[in-house]
Amino acid sequence: MSFTSPSVNQQKMYCIPDRFRKIENLHILFWLFKDVSWAMLWKPLGIAMIVPTISVALLITWQTRKIKAELFHNLAVVFWIFANAMWMILEFTGNDEAYRRYTAVPFGIGLFFILTYYLYILPKEKRREKLIAAAEMAKTSVTSNAGGPR
């Protein structure tokens, strides 16, 4: 007996509208500009890139809010970028040694969203899917037996 993973045709597919993908790609560009500016100590550009990077992250979060997995992951990303931006500003102003530990607050909030999703929401969704599948199988079984001899 061999065990194989489901083929691509059998797996659930996830797709998003093309306009969302373009915005996500723009977000990556902004994020990279912000972080490269941080690494290269280009203070004005790094600080200027905070607003578009966080703004696009919030837009992506809003656009995908109806998909719980996307919502919780994107909320985590927003707080991650916020913490990152805070840390960058602290380094640029020479205050990182004194105040860097405060970046743990937005990092922690992001982690809270991820943990909430994986420890509470995802297991709840999986249980719901199993119940629906079991109910559909029971319904199919009853329907197929209803037409048989009496």
# chains A, B, ... in the order shown; residues from 1 in each chain; ligands from 1
>>> residues_around(residues="A:Ala85", least_positions_apart="4", cutoff="10 Å", atoms="only C-alpha atoms", output="number ranges by chain")
A: 34-35, 38, 46-47, 49-51, 53-54, 79-81, 89-91, 103
>>> closest_residue(among="A:Ile67, A:Val77, A:Ile16, A:Ile114", to="A:Trp31", atoms="only C-alpha atoms")
A:Val77
>>> atom_distance(atom1="atom CA of A:Trp42", atom2="atom CA of A:Leu58")
24.5 Å
>>> residues_around(residues="stretch 118-134 of chain A", least_positions_apart="5", cutoff="12 Å", atoms="only C-alpha atoms", output="list in words")
Ile67, Lys68, Ala69, Glu70, Leu71, Phe72, His73, Leu111, Phe112, Phe113, Lys139, Thr140 and Ser141 of chain A
>>> write_last_selection(atoms="N, CA and C atoms", output="short mmCIF file (atom, residue, chain, number, x, y, z; two decimals), in the first residue's frame")
data_model
loop_
_atom_site.label_atom_id
_atom_site.label_comp_id
_atom_site.auth_asym_id
_atom_site.auth_seq_id
_atom_site.Cartn_x
_atom_site.Cartn_y
_atom_site.Cartn_z
N ILE A 67 -12.10 36.65 4.86
CA ILE A 67 -11.44 35.35 4.94
C ILE A 67 -10.66 35.34 6.25
N LYS A 68 -11.12 34.56 7.22
CA LYS A 68 -10.53 34.63 8.56
C LYS A 68 -9.02 34.40 8.57
N ALA A 69 -8.54 33.42 7.83
CA ALA A 69 -7.10 33.14 7.80
C ALA A 69 -6.34 34.37 7.32
N GLU A 70 -6.82 35.00 6.28
CA GLU A 70 -6.16 36.19 5.75
C GLU A 70 -6.24 37.35 6.73
N LEU A 71 -7.40 37.54 7.32
CA LEU A 71 -7.57 38.63 8.28
C LEU A 71 -6.58 38.53 9.43
N PHE A 72 -6.49 37.37 10.05
CA PHE A 72 -5.62 37.22 11.22
C PHE A 72 -4.14 37.30 10.84
N HIS A 73 -3.77 36.72 9.71
CA HIS A 73 -2.37 36.82 9.28
C HIS A 73 -2.02 38.26 8.89
N LEU A 111 1.71 38.43 17.38
CA LEU A 111 1.79 37.02 17.79
C LEU A 111 0.46 36.54 18.36
N PHE A 112 -0.22 37.41 19.10
CA PHE A 112 -1.54 37.08 19.63
C PHE A 112 -2.51 36.72 18.50
N PHE A 113 -2.50 37.51 17.40
CA PHE A 113 -3.39 37.22 16.27
C PHE A 113 -3.06 35.87 15.65
N LYS A 139 -26.82 12.30 4.86
CA LYS A 139 -27.93 12.68 3.97
C LYS A 139 -27.87 11.85 2.69
N THR A 140 -26.68 11.67 2.12
CA THR A 140 -26.51 10.87 0.91
C THR A 140 -26.89 9.42 1.18
N SER A 141 -26.52 8.91 2.34
CA SER A 141 -26.83 7.53 2.71
C SER A 141 -28.33 7.33 2.83
#
>>> select_by_dssp(residues="chain A", states="helix (DSSP H, G or I)", output="ChimeraX atom specification")
/A:8-10,18-39,43-48,50-63,68-92,96-146
>>> atom_distance(atom1="atom CA of A:Met88", atom2="atom CA of A:Arg65")
28.2 Å
>>> atom_distance(atom1="atom CA of A:Phe33", atom2="atom CA of A:Cys15")
26.9 Å
>>> closest_residue(among="A:Ala39, A:Pro44, A:Glu97, A:Val78", to="A:His27", atoms="only C-alpha atoms")
A:Val78
>>> decode(residues="stretch 125-141 of chain A", atoms="N, CA and C atoms", output="PDB file, in the first residue's frame")
ATOM      1  N   GLU A 125     -12.810  25.768  12.781  1.00  0.00           N
ATOM      2  CA  GLU A 125     -13.219  25.625  11.377  1.00  0.00           C
ATOM      3  C   GLU A 125     -13.088  24.179  10.910  1.00  0.00           C
ATOM      4  N   LYS A 126     -12.026  23.496  11.323  1.00  0.00           N
ATOM      5  CA  LYS A 126     -11.819  22.087  10.930  1.00  0.00           C
ATOM      6  C   LYS A 126     -12.931  21.213  11.508  1.00  0.00           C
ATOM      7  N   ARG A 127     -13.302  21.437  12.782  1.00  0.00           N
ATOM      8  CA  ARG A 127     -14.401  20.668  13.387  1.00  0.00           C
ATOM      9  C   ARG A 127     -15.703  20.910  12.634  1.00  0.00           C
ATOM     10  N   ARG A 128     -15.941  22.160  12.265  1.00  0.00           N
ATOM     11  CA  ARG A 128     -17.159  22.507  11.531  1.00  0.00           C
ATOM     12  C   ARG A 128     -17.175  21.797  10.173  1.00  0.00           C
ATOM     13  N   GLU A 129     -16.053  21.792   9.465  1.00  0.00           N
ATOM     14  CA  GLU A 129     -15.965  21.108   8.169  1.00  0.00           C
ATOM     15  C   GLU A 129     -16.248  19.615   8.318  1.00  0.00           C
ATOM     16  N   LYS A 130     -15.719  18.997   9.380  1.00  0.00           N
ATOM     17  CA  LYS A 130     -15.957  17.565   9.608  1.00  0.00           C
ATOM     18  C   LYS A 130     -17.428  17.292   9.868  1.00  0.00           C
ATOM     19  N   LEU A 131     -18.077  18.163  10.647  1.00  0.00           N
ATOM     20  CA  LEU A 131     -19.502  17.991  10.930  1.00  0.00           C
ATOM     21  C   LEU A 131     -20.333  18.130   9.664  1.00  0.00           C
ATOM     22  N   ILE A 132     -19.989  19.088   8.831  1.00  0.00           N
ATOM     23  CA  ILE A 132     -20.720  19.283   7.582  1.00  0.00           C
ATOM     24  C   ILE A 132     -20.520  18.084   6.664  1.00  0.00           C
ATOM     25  N   ALA A 133     -19.292  17.590   6.561  1.00  0.00           N
ATOM     26  CA  ALA A 133     -19.018  16.419   5.717  1.00  0.00           C
ATOM     27  C   ALA A 133     -19.776  15.201   6.227  1.00  0.00           C
ATOM     28  N   ALA A 134     -19.809  15.011   7.550  1.00  0.00           N
ATOM     29  CA  ALA A 134     -20.533  13.876   8.131  1.00  0.00           C
ATOM     30  C   ALA A 134     -22.027  14.007   7.867  1.00  0.00           C
ATOM     31  N   ALA A 135     -22.574  15.206   7.985  1.00  0.00           N
ATOM     32  CA  ALA A 135     -23.999  15.423   7.734  1.00  0.00           C
ATOM     33  C   ALA A 135     -24.337  15.166   6.273  1.00  0.00           C
ATOM     34  N   GLU A 136     -23.455  15.582   5.363  1.00  0.00           N
ATOM     35  CA  GLU A 136     -23.689  15.338   3.935  1.00  0.00           C
ATOM     36  C   GLU A 136     -23.635  13.853   3.614  1.00  0.00           C
ATOM     37  N   MET A 137     -22.699  13.131   4.244  1.00  0.00           N
ATOM     38  CA  MET A 137     -22.617  11.683   4.020  1.00  0.00           C
ATOM     39  C   MET A 137     -23.865  10.986   4.544  1.00  0.00           C
ATOM     40  N   ALA A 138     -24.328  11.414   5.713  1.00  0.00           N
ATOM     41  CA  ALA A 138     -25.542  10.817   6.278  1.00  0.00           C
ATOM     42  C   ALA A 138     -26.735  11.098   5.384  1.00  0.00           C
ATOM     43  N   LYS A 139     -26.821  12.304   4.860  1.00  0.00           N
ATOM     44  CA  LYS A 139     -27.925  12.681   3.970  1.00  0.00           C
ATOM     45  C   LYS A 139     -27.873  11.852   2.691  1.00  0.00           C
ATOM     46  N   THR A 140     -26.676  11.672   2.122  1.00  0.00           N
ATOM     47  CA  THR A 140     -26.507  10.871   0.912  1.00  0.00           C
ATOM     48  C   THR A 140     -26.891   9.419   1.177  1.00  0.00           C
ATOM     49  N   SER A 141     -26.518   8.906   2.342  1.00  0.00           N
ATOM     50  CA  SER A 141     -26.826   7.529   2.706  1.00  0.00           C
ATOM     51  C   SER A 141     -28.326   7.330   2.832  1.00  0.00           C
TER      52      SER A 141
END
